[in-house]
Amino acid sequence: MPELPEVETVRRGLEQKLKNFIIKKVEICRDSTVAYPFENKDFIEGLQNSLIYKWDRRGKYLIAELKKIESNNINIVNEDNFINNGFLVVHLRMTGYFTFNHKLTEPCKHTRIRLFDNKNNELRYIDVRSFGQMWWVRKELLPTNIIKGLGSLGPEPFSENFNINYLTKIISKKTRSIKSILLDQTIVAGIGNIYADESLYAAGISPFREARTIKKHELKKLKDAIVKVLKKSIGAGGTTFSDFRDLEGENGNFGLQTNVYRRTGKKCRKCKNLIERKKISGRSTHWCRKCQK
């Protein structure tokens, strides 16, 4: 599943490509991709004649701020002609990704949603496993009230709220493994299997330790490691290991730089001990027994 770095890479690509993109036509190729409103016609009518004004990210969610056009001439992109029109929210899940097409082409069989502007430029959403979802939330409503997962997210790893005091308080009585804590989106938003493994390795902490046994100085190392690993991956455009594609259809490069994730049986880059793999709560976990205590 795309994690924070992959979703942030997509957000930046969308922000760069979709300047002055006013939705003229909406085509739904798979009904289940639209999670809200419950009627497809409401989703379509809600998005039509909307300027995709700004892209944000919260955890693994993409959030587009929409502006509805009031002028009859949709070729005129003037902010005075637009009023707030709520949000388009997207979760890519396992295999979702976008492509931007300047020419009309036949959609592949995994195309789920197509958005066209007045010049027939197309933002196409493709999802092989069809777990991804979209929501149009009108301006009178809050996305966090409509989308349960979005409303329950913990702090962003780059935010001021993600600090040592918060971490100390949140895990001081937790008997769950520190790995499962990092995967809990209600505790910290955006981290998945890849970056939990990599962050714990960078901090020298075993993924199997009970969270409550992590000392304060270790928590500081872990927090710093999380931020550093995520920033490094964003700079590399995400990872190659997921089905993630950026707007140009390219994989990320971070997979070439991992220290433990999917390196089972290979030598640790620090101590030359062999990297091991074991499941925690059903998720494959990669670690170095010698470097992580």
# chains A, B, ... in the order shown; residues from 1 in each chain; ligands from 1
$ select_by_dssp --residues "stretch 115-248 of chain A" --states "alpha helix (DSSP H)" --output "VMD selection string"
chain A and resid 143 to 146 148 to 151 164 to 171 178 to 183 193 to 203 216 to 235
$ residues_around --residues "A:Lys17" --least-positions-apart "3" --cutoff "8 Å" --atoms "only C-alpha atoms" --output "NGL selection string"
:A and (13-14 or 100)
$ write_last_selection --atoms "N, CA and C atoms" --output "mmCIF file, in the first residue's frame"
data_model
loop_
_atom_site.group_PDB
_atom_site.id
_atom_site.type_symbol
_atom_site.label_atom_id
_atom_site.label_comp_id
_atom_site.auth_asym_id
_atom_site.auth_seq_id
_atom_site.Cartn_x
_atom_site.Cartn_y
_atom_site.Cartn_z
ATOM 1 N N GLY A 13 2.861 15.826 -7.554
ATOM 2 C CA GLY A 13 2.680 15.670 -8.989
ATOM 3 C C GLY A 13 1.353 16.242 -9.460
ATOM 4 N N LEU A 14 0.300 15.983 -8.707
ATOM 5 C CA LEU A 14 -1.022 16.514 -9.047
ATOM 6 C C LEU A 14 -1.032 18.034 -8.975
ATOM 7 N N PHE A 100 -2.052 11.355 -16.104
ATOM 8 C CA PHE A 100 -2.564 12.583 -16.720
ATOM 9 C C PHE A 100 -2.335 12.479 -18.221
#
$ closest_residue --among "A:His286, A:Lys231, A:Lys267, A:Lys179" --to "A:Phe158" --atoms "only C-alpha atoms"
A:Lys231
$ closest_residue --among "A:Tyr125, A:Tyr166, A:Phe82, A:Phe208" --to "A:Thr99" --atoms "only C-alpha atoms"
A:Tyr125
$ residues_around --residues "A:Tyr53" --least-positions-apart "4" --cutoff "9 Å" --atoms "only C-alpha atoms" --output "PyMOL selection string"
chain A and resi 15+18-22+64-67
$ closest_atom_pairs --of "stretch 90-142 of chain A" --to "stretch 184-194 of chain A" --cutoff "12 Å" --atoms "only C-alpha atoms" --output "tab-separated table"
residue	atom	partner	partner_atom	distance
A:His91	CA	A:Gly190	CA	11.6
A:Arg93	CA	A:Gly192	CA	11.5
A:Met94	CA	A:Gly192	CA	11.5
$ residues_around --residues "A:Gly265" --least-positions-apart "6" --cutoff "8 Å" --atoms "only C-alpha atoms" --output "ChimeraX atom specification"
/A:274-276
$ residues_around --residues "stretch 256-263 of chain A" --least-positions-apart "5" --cutoff "10 Å" --atoms "only C-alpha atoms" --output "NGL selection string"
:A and (193-202 or 229 or 232-233 or 236 or 239-241 or 268-270 or 274-277 or 284-288)
$ closest_residue --among "A:Asn81, A:Asn49, A:Tyr61, A:Pro155" --to "A:Pro143" --atoms "only C-alpha atoms"
A:Tyr61
$ residues_around --residues "A:Val7" --least-positions-apart "3" --cutoff "10 Å" --atoms "only C-alpha atoms" --output "list in words"
Met1, Pro2, Glu3, Leu4, Val10, Arg11, Arg12, Gly13, Arg57, Arg58, Gly59, Lys60, Tyr61, Leu62, His91, Leu92, Tyr97, Gly190, Ile234, Gly237, Gly238, Phe244, Arg245 and Asp246 of chain A
$ write_last_selection --atoms "N, CA and C atoms" --output "short mmCIF file (atom, residue, chain, number, x, y, z; two decimals), in the first residue's frame"
data_model
loop_
_atom_site.label_atom_id
_atom_site.label_comp_id
_atom_site.auth_asym_id
_atom_site.auth_seq_id
_atom_site.Cartn_x
_atom_site.Cartn_y
_atom_site.Cartn_z
N MET A 1 0.83 -1.20 0.00
CA MET A 1 0.00 0.00 0.00
C MET A 1 0.87 1.25 0.00
N PRO A 2 0.56 2.23 -0.85
CA PRO A 2 1.30 3.49 -0.78
C PRO A 2 1.24 4.08 0.63
N GLU A 3 2.39 4.49 1.14
CA GLU A 3 2.46 5.10 2.46
C GLU A 3 2.69 6.61 2.30
N LEU A 4 2.96 7.28 3.39
CA LEU A 4 3.06 8.73 3.37
C LEU A 4 3.97 9.27 2.25
N VAL A 10 2.62 11.77 -4.99
CA VAL A 10 1.46 11.93 -5.87
C VAL A 10 0.87 13.32 -5.71
N ARG A 11 0.74 13.77 -4.46
CA ARG A 11 0.18 15.11 -4.22
C ARG A 11 0.97 16.19 -4.94
N ARG A 12 2.28 16.10 -4.85
CA ARG A 12 3.13 17.10 -5.51
C ARG A 12 2.99 17.04 -7.03
N GLY A 13 2.86 15.83 -7.55
CA GLY A 13 2.68 15.67 -8.99
C GLY A 13 1.35 16.24 -9.46
N ARG A 57 -2.57 16.75 1.75
CA ARG A 57 -2.46 15.35 2.15
C ARG A 57 -2.64 15.24 3.64
N ARG A 58 -3.36 14.23 4.08
CA ARG A 58 -3.49 13.93 5.50
C ARG A 58 -3.30 12.43 5.66
N GLY A 59 -2.19 12.03 6.29
CA GLY A 59 -1.87 10.62 6.35
C GLY A 59 -1.72 10.06 4.95
N LYS A 60 -2.52 9.05 4.62
CA LYS A 60 -2.49 8.45 3.28
C LYS A 60 -3.63 8.94 2.40
N TYR A 61 -4.33 9.98 2.83
CA TYR A 61 -5.44 10.55 2.07
C TYR A 61 -4.98 11.76 1.26
N LEU A 62 -5.43 11.84 0.02
CA LEU A 62 -5.27 13.04 -0.81
C LEU A 62 -6.55 13.84 -0.71
N HIS A 91 -8.37 7.95 -1.47
CA HIS A 91 -7.46 7.01 -0.80
C HIS A 91 -7.06 5.97 -1.83
N LEU A 92 -5.75 5.86 -2.09
CA LEU A 92 -5.24 4.98 -3.13
C LEU A 92 -5.29 3.50 -2.75
N TYR A 97 -3.55 4.52 -8.57
CA TYR A 97 -2.64 5.58 -9.01
C TYR A 97 -3.32 6.41 -10.10
N GLY A 190 0.16 7.85 8.45
CA GLY A 190 0.92 7.72 7.22
C GLY A 190 1.98 6.64 7.17
N ILE A 234 10.65 10.57 0.45
CA ILE A 234 9.95 11.58 -0.36
C ILE A 234 10.91 12.13 -1.41
N GLY A 237 11.15 9.91 -4.27
CA GLY A 237 9.91 9.67 -5.02
C GLY A 237 9.16 8.44 -4.59
N GLY A 238 9.35 7.99 -3.34
CA GLY A 238 8.65 6.81 -2.85
C GLY A 238 9.46 5.54 -3.07
N PHE A 244 2.79 1.27 -6.39
CA PHE A 244 2.73 2.73 -6.53
C PHE A 244 3.33 3.20 -7.85
N ARG A 245 2.64 4.16 -8.47
CA ARG A 245 3.15 4.89 -9.64
C ARG A 245 2.90 6.37 -9.40
N ASP A 246 3.87 7.20 -9.81
CA ASP A 246 3.62 8.63 -9.74
C ASP A 246 2.82 9.04 -10.97
#
$ atom_distance --atom1 "atom CA of A:Glu45" --atom2 "atom CA of A:Lys25"
9.2 Å
$ closest_residue --among "A:Thr213, A:Asn101, A:Asn165, A:Asn40" --to "A:Asp117" --atoms "only C-alpha atoms"
A:Asn101
$ select_by_dssp --residues "stretch 119-174 of chain A" --states "strand (DSSP E or B)" --output "list in words"
Glu122, Leu123, Arg124, Tyr125, Ile126, Asp127, Gln133, Met134, Trp135, Trp136 and Val137 of chain A
